[in-house]
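Shown next, in C-alpha cells, is the structure this report addresses.
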Amino acid sequence: MHVTGIDGRPQYVEKAQELVSLLGNAEVVRQDIRHVSDEIAPPASFDLVHARFLVSMVRPQEYPAILTSLVGRCRVGSLFAWDELEFPITNSPACQAFYALIQAGLKAAERAFSPGEPLGITAMMRRWIQEAGCSITLDAASTIEISSGTRGRDAFAWQMWRLRKQIRSFLLETGVIPGAAFDELCSQAQREIFSDNFFGLIYVKNAGGE
C-alpha cells in the first residue's frame with residue numbers, strides 16, 4: 001500500500017513530510033487542489049481518494065470541477081470519500097457571534113453556501129458527489145463534543161485560536177467588523193470556552209461513493 005497526500009499550504013506540507021519521512025510507503029506533496037498534477041496523482045490509479053475539510057480553501061462554484069477531478073483519480077469500483085463540518089453549536093454568545101461574522105464575510109465575498117446563518121456545505125455534498133459520477137455508498141453524520149470537561153473542548157479552543165489568526169484579515173477586508181472589535185470578540189470567546197458552563201457540539205458529515 002502507498003499513500004499520497006496533497007495540500008496547498010506549505011507549512012502543513014512541510015510538517016506532514018516530517019511525520020511520514022520514516023514510513024517508506026507515504027509521501028506528501030504541495031499541490032493546489034484545483035490543479036492536481038496527473039504525474040503526482042494519475043487518473044484511475046487510487047483505491048481510495050479521501051478529501052477532508054475543503055471548505056476553507058474552495059469557493060462554492062469550484063466544487064463540481066474539483067470533485068470530478070478527484071473522483072477521476074479512483075480506479076473503477078474504488079471509493080471516493082469526503083468529510084466536511086458545519087459551524088459549531090454552542091451556548092457561548094461570543095462564539096456564535098464569531099461564526100456569524102465568518103458567514104457574513106463569506107456572503108460579502110460571494111463565497112457563502114447558504115443565505116442563512118449555518119455554513120450549509122453539508123447539505124450539498126450528496127448531490128455534488130453524484131454529479132461527479134459516483135453512486136452514493138457512504139452517507140453518515142456524527143458529532144464532536146466540545147463542552148467543558150471533554151477532551152474536545154481544549155482542541156476546539158486551540159482551533160479557535162488558529163482560526164482567529166487565519167480569518168482576521170479576510171473579515172477586515174470584507175468590512176464586517178473593525179479590527180479592535182474583532183480582537184475583543186475573540187478574547188471574550190476564549191473566556192467563555194474555558195468557563196465551566198460551556199456547552200457545544202460540531203456536526204460532521206462523511207459522504208462518498210463508487
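Labels used: A, B, ... for chains in the order of the C-alpha cells, numbers from 1 for residues in each chain, and numbers from 1 for ligands as shown.
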
Region 46-57 of chain A environment, 8 Å, only C-alpha atoms, sequence neighbours closer than 3 positions dropped, as a ChimeraX atom specification: /A:43,70-71,73-75,78-85,121

Those residues you just picked out, can you put them in a file as a compact mmCIF listing (two decimals), in the first residue's frame with C-alpha atoms?
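This went into again-v2.txt:
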```txt
# COMPACT_ATOMS: atom_id res chain seq x y z
CA PRO A 43 -6.21 9.24 -13.21
CA LEU A 70 -10.75 13.81 -7.55
CA VAL A 71 -13.29 11.13 -8.42
CA ARG A 73 -8.34 9.55 -9.72
CA CYS A 74 -10.21 6.48 -8.43
CA ARG A 75 -9.98 3.08 -10.08
CA SER A 78 -12.90 2.04 -5.63
CA LEU A 79 -14.11 4.60 -3.11
CA PHE A 80 -14.22 8.37 -3.02
CA ALA A 81 -14.88 9.76 0.48
CA TRP A 82 -15.35 13.34 1.62
CA ASP A 83 -15.62 14.91 5.09
CA GLU A 84 -16.91 18.39 5.94
CA LEU A 85 -18.22 20.06 9.08
CA ILE A 121 -21.99 22.94 2.86
```

Long-range neighbours of Ala207 (chain A) as number ranges by chain, 10 Å cut-off, only C-alpha atoms, 2 positions minimum in chain: A: 80-84, 122, 125-126, 129, 136-141, 205, 209

Do a neighbour search on Ala112 (chain A) at 12 Å with only C-alpha atoms, toss out local chain neighbours closer than 6 positions, and write the hits as a ChimeraX atom specification. /A:55-56,58-61,100-106,118-121

Given only C-alpha atoms as the basis, pick out the residue of A:Gln188, A:Ser195, A:Gln166, A:Ser114 nearest to Ser148 (chain A).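 The answer is A:Ser195, which sits nearest to Ser148 (chain A).
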
Write out as a CSV table (one decimal) with C-alpha atoms, in the first residue's frame the residues lying within 12 Å of Gln11 (chain A), counting only C-alpha atoms and excluding same-chain residues fewer than 6 positions away.
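Listed below is the output, part.csv:
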```
chain,number,residue,atom,x,y,z
A,17,GLN,CA,6.6,15.4,5.3
A,18,GLU,CA,8.4,15.2,8.6
A,28,VAL,CA,3.1,14.4,1.0
A,29,VAL,CA,3.4,16.9,-1.8
A,30,ARG,CA,2.4,20.6,-2.3
```

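Of note, CA of Asn197 (chain A) and CA of Gly179 (chain A) are spaced 28.2 Å apart.
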
So which residues touch Arg34 (chain A) within 10 Å, counting only C-alpha atoms, skipping near sequence neighbours fewer than 5 positions away, as a PDB file with C-alpha atoms, in the first residue's frame?
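Output below, filename out-v8.pdb:
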```pdb
ATOM      1  CA  GLY A   8      -1.647  23.616  -0.985  1.00  0.00           C
ATOM      2  CA  MET A  57      -9.872  26.661   0.518  1.00  0.00           C
ATOM      3  CA  VAL A  58     -12.548  26.230  -2.139  1.00  0.00           C
ATOM      4  CA  GLU A  62     -15.323  25.467  -7.757  1.00  0.00           C
ATOM      5  CA  TYR A  63     -16.564  22.264  -6.139  1.00  0.00           C
ATOM      6  CA  ALA A  65     -14.846  20.616 -11.194  1.00  0.00           C
ATOM      7  CA  ILE A  66     -12.662  19.732  -8.201  1.00  0.00           C
ATOM      8  CA  LEU A  67     -14.806  16.759  -7.194  1.00  0.00           C
ATOM      9  CA  SER A  69     -11.129  15.651 -10.865  1.00  0.00           C
ATOM     10  CA  LEU A  70     -10.752  13.806  -7.551  1.00  0.00           C
TER      11      LEU A  70
END
```

Suppose you want the space between CA of Ser169 (chain A) and CA of Lys15 (chain A); what is it in Å? 24.2 Å
